[in-house]
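> To be precise about what I am sending: the file is called start.txt and holds compact mmCIF, C-alpha atoms.
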```txt
# COMPACT_ATOMS: atom_id res chain seq x y z
CA VAL A 39 90.97 95.22 70.82
CA ILE A 40 89.20 92.27 69.30
CA GLN A 41 90.76 91.14 66.09
CA GLY A 42 89.28 89.04 63.32
CA ASP A 43 91.40 86.05 64.20
CA PHE A 44 89.71 85.63 67.55
CA PHE A 45 88.65 82.13 66.50
CA ARG A 46 90.00 81.74 63.04
CA ILE A 47 91.84 83.67 60.40
CA ASN A 48 90.02 86.55 58.72
CA ASP A 49 89.63 85.06 55.30
CA ASP A 50 87.81 81.93 56.41
CA PRO A 51 84.77 81.66 54.11
CA ALA A 52 82.69 80.38 57.02
CA LEU A 53 82.93 83.84 58.58
CA ASP A 54 81.38 85.44 55.53
CA ARG A 55 78.54 82.95 55.62
CA ILE A 56 77.97 83.69 59.29
CA ARG A 57 78.07 87.46 58.76
CA THR A 58 75.59 87.20 55.88
CA LEU A 59 73.26 84.97 57.85
CA LEU A 60 73.32 87.35 60.81
CA GLU A 61 72.54 90.33 58.59
CA GLU A 62 69.57 88.45 57.16
CA GLN A 63 68.32 87.54 60.61
CA ARG A 64 68.68 91.15 61.79
CA GLY A 65 66.19 92.03 59.09
CA ILE A 66 63.71 89.55 60.53
CA HIS A 67 64.40 89.82 64.26
CA PRO A 68 64.83 93.37 65.56
CA GLU A 69 66.21 91.96 68.82
CA LEU A 70 69.45 91.27 66.94
CA ARG A 71 69.98 94.93 66.02
CA ARG A 72 71.50 95.43 69.45
CA PRO A 73 73.33 93.02 71.78
CA VAL A 74 70.76 90.29 72.22
CA THR A 75 69.34 89.73 75.69
CA TRP A 76 67.58 86.82 77.33
CA ASN A 77 64.18 88.40 76.61
CA GLY A 78 65.27 89.07 73.06
CA LEU A 79 66.24 85.44 72.57
CA ARG A 80 62.93 84.29 74.02
CA ALA A 81 61.09 86.52 71.56
CA ILE A 82 63.10 85.15 68.65
CA LEU A 83 62.51 81.56 69.73
CA ARG A 84 58.77 82.21 70.08
CA ARG A 85 58.72 83.62 66.56
CA LEU A 86 60.56 80.55 65.28
CA GLY A 87 58.32 78.15 67.22
CA ILE A 88 61.19 76.66 69.19
CA PRO A 89 60.28 75.81 72.78
CA ILE A 90 62.84 75.66 75.58
CA VAL A 91 62.71 72.58 77.79
CA MET A 92 64.46 72.84 81.14
CA ALA A 93 65.73 69.56 82.58
CA PRO A 94 68.70 68.38 84.62
CA MET A 95 71.42 67.56 82.10
CA VAL A 96 75.06 66.58 82.05
CA ARG A 97 75.86 69.44 79.66
CA PRO A 98 74.44 72.96 79.75
CA ALA A 99 72.34 72.82 76.58
CA ALA A 100 71.38 70.87 73.48
CA LEU A 101 69.35 71.34 70.32
CA LEU A 102 67.02 68.72 68.90
CA SER A 103 66.25 69.68 65.33
CA GLN A 104 64.93 67.41 62.65
CA LEU A 105 61.94 66.95 60.34
CA GLY A 106 61.10 70.63 60.60
CA ALA A 107 60.64 70.72 64.37
CA SER A 108 63.17 71.95 66.90
CA VAL A 109 63.43 71.96 70.67
CA LEU A 110 66.09 73.59 72.76
CA LEU A 111 67.16 71.78 75.92
CA LEU A 112 68.63 73.78 78.78
CA ASP A 113 70.20 72.38 81.92
CA ALA A 114 67.96 73.26 84.83
CA ASP A 115 70.98 73.42 87.14
CA THR A 116 72.97 75.90 85.06
CA PRO A 117 73.05 79.39 86.62
CA PRO A 118 70.39 81.55 84.92
CA ARG A 119 72.95 84.25 84.11
CA ARG A 120 74.54 81.77 81.69
CA HIS A 121 71.29 80.82 79.95
CA THR A 122 71.52 83.71 77.49
CA TYR A 123 74.87 82.53 76.23
CA PHE A 124 73.91 78.85 75.92
CA VAL A 125 70.62 79.64 74.19
CA ALA A 126 72.42 81.94 71.74
CA HIS A 127 74.82 79.10 70.93
CA GLU A 128 72.01 76.61 70.29
CA LEU A 129 70.04 79.15 68.27
CA ALA A 130 73.17 79.59 66.17
CA HIS A 131 73.18 75.83 65.55
CA PHE A 132 69.54 76.07 64.51
CA TRP A 133 70.31 78.70 61.89
CA LEU A 134 73.53 77.14 60.69
CA HIS A 135 73.01 73.41 61.00
CA ALA A 136 69.36 72.47 61.55
CA ASP A 137 68.32 69.19 59.98
CA GLU A 138 71.84 68.08 59.11
CA PRO A 139 71.37 64.34 58.76
CA ASP A 140 74.56 63.23 60.47
CA VAL A 141 73.88 65.07 63.72
CA PRO A 142 70.60 64.13 65.39
CA VAL A 143 71.26 66.44 68.32
CA TYR A 144 73.77 69.20 69.10
CA HIS A 145 75.16 68.95 72.60
CA TYR A 146 76.89 71.97 74.04
CA ASP A 147 80.28 70.92 75.34
CA ALA A 148 82.68 73.57 76.53
CA CYS A 149 85.73 71.41 75.82
CA TYR A 150 84.52 69.92 72.57
CA SER A 151 87.21 70.98 70.18
CA ASP A 152 86.94 68.80 67.11
CA ASP A 153 83.82 69.69 65.19
CA PRO A 154 84.08 72.95 63.20
CA ARG A 155 80.31 73.35 63.45
CA GLU A 156 80.86 74.08 67.12
CA ASP A 157 83.21 76.90 66.14
CA ASP A 158 80.66 78.29 63.70
CA ALA A 159 77.91 78.27 66.32
CA GLU A 160 80.24 79.90 68.82
CA ILE A 161 81.15 82.69 66.42
CA LEU A 162 77.54 83.41 65.51
CA ALA A 163 76.50 83.37 69.18
CA THR A 164 79.32 85.75 70.04
CA LEU A 165 78.27 88.15 67.28
CA MET A 166 74.64 88.02 68.43
CA LEU A 167 75.57 88.69 72.02
CA GLY A 168 78.01 91.42 71.10
CA GLY A 169 75.64 93.27 68.80
CA PRO A 170 76.30 95.10 65.51
CA ARG A 171 79.03 97.42 66.84
CA PHE A 172 80.99 94.45 68.16
CA SER A 173 80.42 92.51 64.91
CA ARG A 174 82.23 95.17 62.90
CA HIS A 175 85.49 94.10 64.56
CA PHE A 176 85.25 90.64 63.01
CA LEU B 114 102.02 57.48 33.84
CA PRO B 115 101.29 61.05 32.81
CA GLY B 116 100.23 63.14 35.75
CA ARG B 117 101.25 60.53 38.33
CA GLN B 118 102.70 62.31 41.33
CA GLN B 119 106.05 61.49 42.83
CA ARG B 120 106.27 60.74 46.50
CA GLU B 121 107.98 63.49 48.45
CA ALA B 122 109.85 63.28 51.71
CA TRP B 123 107.81 64.43 54.71
CA LYS B 124 110.27 64.08 57.54
CA GLY B 125 108.44 63.47 60.79
CA LEU B 126 105.11 62.65 59.10
CA GLY B 127 104.90 59.19 60.67
CA ASP B 128 105.50 60.38 64.22
CA PHE B 129 103.11 63.28 63.73
CA LEU B 130 100.33 61.06 62.38
CA THR B 131 100.87 58.49 65.12
CA ARG B 132 100.20 61.18 67.72
CA ALA B 133 97.37 62.76 65.73
CA LEU B 134 95.59 59.40 65.38
CA SER B 135 96.13 58.60 69.02
CA GLU B 136 94.65 61.95 70.07
CA ARG B 137 91.58 61.42 67.95
CA GLY B 138 91.17 57.76 68.74
CA TRP B 139 91.38 56.99 65.02
CA THR B 140 92.95 53.98 63.35
CA GLN B 141 94.99 54.16 60.17
CA GLU B 142 91.96 52.71 58.43
CA GLU B 143 89.74 55.50 59.74
CA LEU B 144 92.17 58.16 58.57
CA GLY B 145 92.17 56.35 55.24
CA VAL B 146 88.40 56.55 54.99
CA ARG B 147 88.32 60.20 56.00
CA SER B 148 91.07 61.14 53.57
CA GLY B 149 89.93 58.96 50.69
CA GLN B 150 93.12 56.89 50.79
CA SER B 151 93.64 53.19 51.35
CA ARG B 152 94.91 51.98 54.70
CA ALA B 153 98.02 50.73 52.89
CA THR B 154 98.72 54.25 51.58
CA ILE B 155 98.35 55.70 55.04
CA ASN B 156 100.55 53.00 56.49
CA ARG B 157 103.22 53.57 53.85
CA ALA B 158 103.18 57.32 54.46
CA MET B 159 103.56 56.73 58.19
CA THR B 160 106.33 54.18 57.95
CA THR B 161 108.38 55.82 55.18
CA ASP B 162 107.71 59.52 55.90
CA GLU B 163 106.92 59.86 52.21
CA ALA B 164 103.73 60.80 50.41
CA THR B 165 102.61 62.36 47.19
CA ARG B 166 101.47 65.95 47.41
CA GLY B 167 97.92 64.80 46.69
CA THR B 168 97.94 62.22 49.46
CA ALA B 169 99.44 64.69 51.91
CA ALA B 170 96.79 67.23 51.00
CA GLN B 171 94.01 64.68 51.55
CA ILE B 172 95.48 63.69 54.90
CA ALA B 173 95.78 67.33 55.90
CA ASP B 174 92.16 67.93 54.93
CA ALA B 175 90.99 64.95 56.98
CA LEU B 176 92.84 66.43 59.95
CA GLY B 177 91.22 69.82 59.40
CA MET B 178 94.35 71.51 58.08
CA THR B 179 95.74 72.94 54.90
CA LEU B 180 98.89 71.46 53.37
CA PRO B 181 101.17 74.28 54.60
CA GLU B 182 99.63 73.93 58.03
CA LEU B 183 100.35 70.21 58.02
CA ARG B 184 103.96 70.94 57.11
CA ALA B 185 104.20 73.55 59.86
CA ALA B 186 102.55 71.27 62.41
CA ILE B 187 104.98 68.45 61.61
CA ASP B 188 107.92 70.85 62.00
CA LYS B 189 106.54 72.18 65.25
CA SER B 190 105.85 68.69 66.50
CA GLN B 191 109.41 67.65 65.72
CA ARG B 192 110.83 70.72 67.44
CA SER B 193 108.78 70.12 70.56
CA GLY B 194 109.78 66.47 70.78
CA ALA B 195 107.72 63.34 71.07
CA GLY B 196 105.41 64.79 73.71
CA GLY B 197 104.36 67.78 71.64
CA ALA B 198 100.79 67.63 70.47
CA PRO B 199 100.13 68.66 66.89
CA VAL B 200 98.53 72.07 66.60
CA ILE B 201 95.43 71.74 64.50
CA ARG B 202 93.50 74.65 63.08
CA LYS B 203 90.06 73.51 62.21
CA THR B 204 88.48 74.17 58.84
CA PRO B 205 84.74 74.37 58.26
CA HIS B 206 83.04 71.06 58.06
CA ALA B 207 86.23 69.09 57.72
CA GLY B 208 84.48 65.94 58.83
CA ALA B 209 82.78 64.43 61.80
CA PRO B 210 84.65 64.66 65.07
CA ALA B 211 86.32 61.65 66.56
CA GLN B 212 83.89 59.84 68.78
CA PRO B 213 84.52 56.94 71.06
CA THR B 214 82.40 53.93 70.41
CA ALA B 215 78.88 53.57 71.76
CA PRO B 216 78.55 53.66 75.52
CA VAL B 217 78.20 50.54 77.58
CA TRP B 218 74.47 50.48 78.13
CA THR B 219 73.22 49.38 81.49
CA SER B 220 70.04 47.31 81.58
CA GLU B 221 68.31 50.36 83.10
CA ALA B 222 69.34 52.53 80.16
CA ARG B 223 68.31 49.89 77.62
CA ALA B 224 64.93 49.48 79.29
CA PHE B 225 64.46 53.25 79.34
CA ILE B 226 65.16 53.58 75.63
CA LEU B 227 62.88 50.68 74.69
CA GLU B 228 60.10 51.97 76.90
CA PHE B 229 60.38 55.47 75.48
CA GLN B 230 60.26 54.16 71.92
CA ALA B 231 57.21 52.07 72.78
CA GLU B 232 55.57 55.11 74.39
CA ALA B 233 56.21 57.18 71.26
CA ALA B 234 54.84 54.45 69.01
CA ARG B 235 51.71 54.17 71.17
CA ASP B 236 51.27 57.93 70.87
CA GLY B 237 51.25 57.69 67.10
CA ALA B 238 54.85 58.48 66.15
CA GLY B 239 55.56 57.52 62.54
CA ASP B 240 58.54 55.65 61.15
CA GLU B 241 60.57 58.81 60.52
CA GLU B 242 59.92 60.06 64.02
CA LEU B 243 60.74 56.70 65.61
CA ASP B 244 63.94 56.60 63.61
CA TYR B 245 64.91 60.06 64.83
CA ILE B 246 64.11 59.11 68.43
CA ARG B 247 66.32 56.04 68.11
CA ARG B 248 69.16 58.12 66.64
CA VAL B 249 68.94 60.76 69.37
CA LEU B 250 68.82 58.31 72.23
CA THR B 251 71.57 56.06 70.91
CA ASP B 252 73.83 58.75 69.42
CA PRO B 253 77.32 57.99 70.78
CA GLY B 254 78.04 61.73 70.87
CA ALA B 255 75.39 62.16 73.54
CA TYR B 256 77.27 59.99 75.97
CA VAL B 257 80.72 61.46 75.59
CA LEU B 258 81.94 64.41 77.58
CA TYR B 259 85.06 66.32 76.64
CA GLU B 260 87.28 67.23 79.52
CA GLY B 261 90.43 69.10 78.77
CA GLY B 262 89.75 68.35 75.11
CA ARG B 263 89.74 64.61 75.69
CA PRO B 264 86.63 62.46 75.47
CA ARG B 265 85.35 60.29 78.25
CA GLN B 266 82.26 58.12 78.44
CA LEU B 267 79.51 59.24 80.78
CA THR B 268 79.01 57.23 83.92
CA ALA B 269 75.89 55.07 84.23
CA ASP B 270 74.19 57.77 86.35
CA GLU B 271 75.11 60.48 83.86
CA VAL B 272 73.76 58.36 81.01
CA MET B 273 70.40 58.13 82.77
CA THR B 274 70.35 61.88 83.44
CA GLU B 275 71.06 62.56 79.78
CA LEU B 276 68.49 60.00 78.59
CA GLN B 277 65.79 61.55 80.74
CA ALA B 278 66.62 65.05 79.51
CA LEU B 279 66.62 63.94 75.89
CA ALA B 280 63.34 62.12 76.41
CA ALA B 281 61.80 65.29 77.89
CA GLY B 282 62.92 67.21 74.83
CA LEU B 283 61.71 64.50 72.46
CA ARG B 284 58.22 64.52 74.02
CA VAL B 285 57.93 68.21 73.22
CA TRP B 286 59.43 67.62 69.77
CA LEU B 287 56.83 64.92 69.09
CA ASP B 288 54.03 67.30 70.14
CA LEU B 289 55.38 69.89 67.70
CA ARG B 290 55.46 67.30 64.94
CA LYS B 291 51.89 66.29 65.69
CA GLN B 292 50.70 69.91 65.62
CA ARG B 293 52.38 70.51 62.30
CA ARG B 294 51.28 67.40 60.50
CA GLY B 295 47.75 67.18 62.01
CA PRO B 296 46.01 63.96 63.00
CA ARG B 297 47.40 60.93 61.16
CA ASN B 298 44.04 59.42 60.26
CA ALA B 299 42.29 62.66 59.37
```
I'd like the structure from this file rewritten - as structure tokens, please.


Amino acid sequence: VIQGDFFRINDDPALDRIRTLLEEQRGIHPELRRPVTWNGLRAILRRLGIPIVMAPMVRPAALLSQLGASVLLLDADTPPRRHTYFVAHELAHFWLHADEPDVPVYHYDACYSDDPREDDAEILATLMLGGPRFSRHF
Amino acid sequence: LPGRQQREAWKGLGDFLTRALSERGWTQEELGVRSGQSRATINRAMTTDEATRGTAAQIADALGMTLPELRAAIDKSQRSGAGGAPVIRKTPHAGAPAQPTAPVWTSEARAFILEFQAEAARDGAGDEELDYIRRVLTDPGAYVLYEGGRPRQLTADEVMTELQALAAGLRVWLDLRKQRRGPRNA
């Protein structure tokens, strides 16, 4: 049973913001009305005009987003079965934090525990990947 | 003075903050900046285990905690002894994460960055774009990897791998910018 305090306590206002944002995006991107897949994410990114660049990287993924243009970087050596998850995480950053002036680039780091924006992106990615039925448990 | 708060006892605050700062790689001054307090106030709180409720709340906020959570974390830290790490629950946008200082650039990395900036300028990148490129390529966060929750600087080889990946992404980003703004001299 997945409880609302999976990442944080239930009454965290950030969760409401994330839920609202996801509902809005479900209205725009039908791929989000079910657990999002790799092809679904590709379709969303095409619609948003965000290309994916594959390159060998130290970390699995990153998002460059500033001045109204965004590019998603994906580690070429990461197993393809993990791409869906990493792309969902970076897409979450795009919706939640694009163009924030203090962060020129979001680097995915599995052990990066300090920045709450990483938590927010992780929650939104989890809800996208889990789909609407899963989201109701949050 | 009316409204002036009295300092309260916060037993264990100094030890807790010493460990919290050490974990984050922060100085007392940095905690002061993040919490809106002077370094002297932070130092006094750490050496006397006393702080006003307002100061404690600001410190808690800078650490990504509420006041009750700070109290609980100090208690827990005391119970678990000197080796116990404070348990921090993060709050949204509580501040930028602790970052080590900029990496030690090798001459190869410096040359790469300069060459990439020159390439972008030759290709017509404007001031805003060149500024973004500089920020991306020299962002200290790009060259820190967290292992077990602790930061470490990338090795020289890893720095080059990351630079090349970022440059590949920036080339595509610059193309997107060009498409959206149209030719500069049109």

> Do you have the CA of Ala136 (chain A)-CA of Arg72 (chain A) distance handy?

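Straight-line distance from CA of Ala136 (chain A) to CA of Arg72 (chain A) works out to 24.4 Å.
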
> Find the residue from B:Leu176, B:Ile187, B:Ala164, B:Ala231 that sits nearest to chain A; use all atoms listed in the file when measuring.

B:Leu176

> Have a look at CA of Met95 (chain A) and CA of Val249 (chain B) and let me know their distance in Å, one decimal.

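Here the two named atoms are 14.6 Å from each other.
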
> Any idea what's packed within 8 Å of Glu128 (chain A), counting only C-alpha atoms, ignoring anything in its chain fewer than 5 positions away? Could you give it as a PyMOL selection string?

chain A and resi 99-101+110+144+146+159

> Env of Trp133 (chain A): 10 Å cut, atoms = all atoms listed in the file, seq-sep filter 4 positions within chain, self excluded. Answer as a PyMOL selection string.

chain A and resi 56+59-60+63+128-129+137+159+162

> Pull the neighbourhood of (64.0, 85.0, 65.9) for me: all residues within 10 Å in file coordinates, counting only C-alpha atoms, as a list in words.

Gln63, Arg64, Ile66, His67, Pro68, Glu69, Leu70, Gly78, Leu79, Arg80, Ala81, Ile82, Leu83, Arg84, Arg85, Leu86, Gly87, Ile88, Leu129 and Trp133 of chain A

> Would you mind listing what lies within 8 Å of Glu142 (chain B) as a list of chain:residue names, with only C-alpha atoms counted and same-chain residues fewer than 2 positions away left out?

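Final neighbour list, sorted by chain and number: B:Trp139, B:Thr140, B:Leu144, B:Gly145, B:Val146, B:Ser151, B:Arg152, B:Ile155.
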
> Which of these residues is nearest to Leu279 (chain B), using all atoms listed in the file: A:His121, A:Arg174, A:Arg71, A:Arg97?

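Smallest separation from Leu279 (chain B) among the options: A:Arg97.
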
> Could you check which of B:Pro181, B:Ala278, B:Tyr245, B:Glu271 is closest to Ala233 (chain B), using only C-alpha atoms?

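Result for the nearest residue to Ala233 (chain B): B:Tyr245.
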
> Could you pull the residues within 8 Å of region 284-286 of chain B, counting only C-alpha atoms, minus those fewer than 3 positions along the same chain, as a short mmCIF file (atom, residue, chain, number, x, y, z; two decimals) with C-alpha atoms, in the coordinates of the input?


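As written to disk, around-v1.cif reads:
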```
data_model
loop_
_atom_site.label_atom_id
_atom_site.label_comp_id
_atom_site.auth_asym_id
_atom_site.auth_seq_id
_atom_site.Cartn_x
_atom_site.Cartn_y
_atom_site.Cartn_z
CA PRO A 89 60.28 75.81 72.78
CA VAL A 91 62.71 72.58 77.79
CA LEU A 102 67.02 68.72 68.90
CA ALA A 107 60.64 70.72 64.37
CA SER A 108 63.17 71.95 66.90
CA VAL A 109 63.43 71.96 70.67
CA ALA B 280 63.34 62.12 76.41
CA ALA B 281 61.80 65.29 77.89
CA LEU B 289 55.38 69.89 67.70
CA ARG B 290 55.46 67.30 64.94
#
```

> Which one is closest to Met92 (chain A): B:Asp288, B:Arg157, B:Gly282, B:Gly295? Count only C-alpha atoms.

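Nearest to Met92 (chain A): B:Gly282.
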
> What is the CA of Leu243 (chain B)-CA of Phe229 (chain B) distance in Å, reported with one decimal?

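Separation between CA of Leu243 (chain B) and CA of Phe229 (chain B): 10.0 Å.
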
> Could you name the residues that touch region 217-228 of chain B at 10 Å or less, counting all atoms listed in the file, but leaving out those on the same chain fewer than 5 positions away, as a PyMOL selection string?

chain B and resi 233-234+246-247+250-251+256+266-270+272-274+276-277+280

> Output C-alpha atoms for every residue in that selection, as a PDB file, in the coordinates of the input.


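Now in out_1.pdb:
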```
ATOM      1  CA  ALA B 233      56.210  57.180  71.260  1.00  0.00           C
ATOM      2  CA  ALA B 234      54.840  54.450  69.010  1.00  0.00           C
ATOM      3  CA  ILE B 246      64.110  59.110  68.430  1.00  0.00           C
ATOM      4  CA  ARG B 247      66.320  56.040  68.110  1.00  0.00           C
ATOM      5  CA  LEU B 250      68.820  58.310  72.230  1.00  0.00           C
ATOM      6  CA  THR B 251      71.570  56.060  70.910  1.00  0.00           C
ATOM      7  CA  TYR B 256      77.270  59.990  75.970  1.00  0.00           C
ATOM      8  CA  GLN B 266      82.260  58.120  78.440  1.00  0.00           C
ATOM      9  CA  LEU B 267      79.510  59.240  80.780  1.00  0.00           C
ATOM     10  CA  THR B 268      79.010  57.230  83.920  1.00  0.00           C
ATOM     11  CA  ALA B 269      75.890  55.070  84.230  1.00  0.00           C
ATOM     12  CA  ASP B 270      74.190  57.770  86.350  1.00  0.00           C
ATOM     13  CA  VAL B 272      73.760  58.360  81.010  1.00  0.00           C
ATOM     14  CA  MET B 273      70.400  58.130  82.770  1.00  0.00           C
ATOM     15  CA  THR B 274      70.350  61.880  83.440  1.00  0.00           C
ATOM     16  CA  LEU B 276      68.490  60.000  78.590  1.00  0.00           C
ATOM     17  CA  GLN B 277      65.790  61.550  80.740  1.00  0.00           C
ATOM     18  CA  ALA B 280      63.340  62.120  76.410  1.00  0.00           C
TER      19      ALA B 280
END
```

> Which residue gives the smallest distance to Trp123 (chain B) among B:Thr154, B:Gly254, B:Glu182, B:Ala169, with only C-alpha atoms counted?

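Using only C-alpha atoms, the shortest distance to Trp123 (chain B) belongs to B:Ala169.
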
> Would you mind telling me which residue in A:His131, A:Arg171, A:Arg119, A:Arg155 lies nearest to chain B when using only C-alpha atoms?

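Ranking A:His131, A:Arg171, A:Arg119, A:Arg155 by distance to chain B, first place goes to A:Arg155.
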
> Mind giving me the axis-aligned box for region 175-181 of chain B with 4 Å on every side, centre plus edges in Å to one decimal, as AutoDock Vina command-line options?


```
--center_x 96.1 --center_y 69.6 --center_z 56.7 --size_x 18.2 --size_y 17.3 --size_z 14.6
```
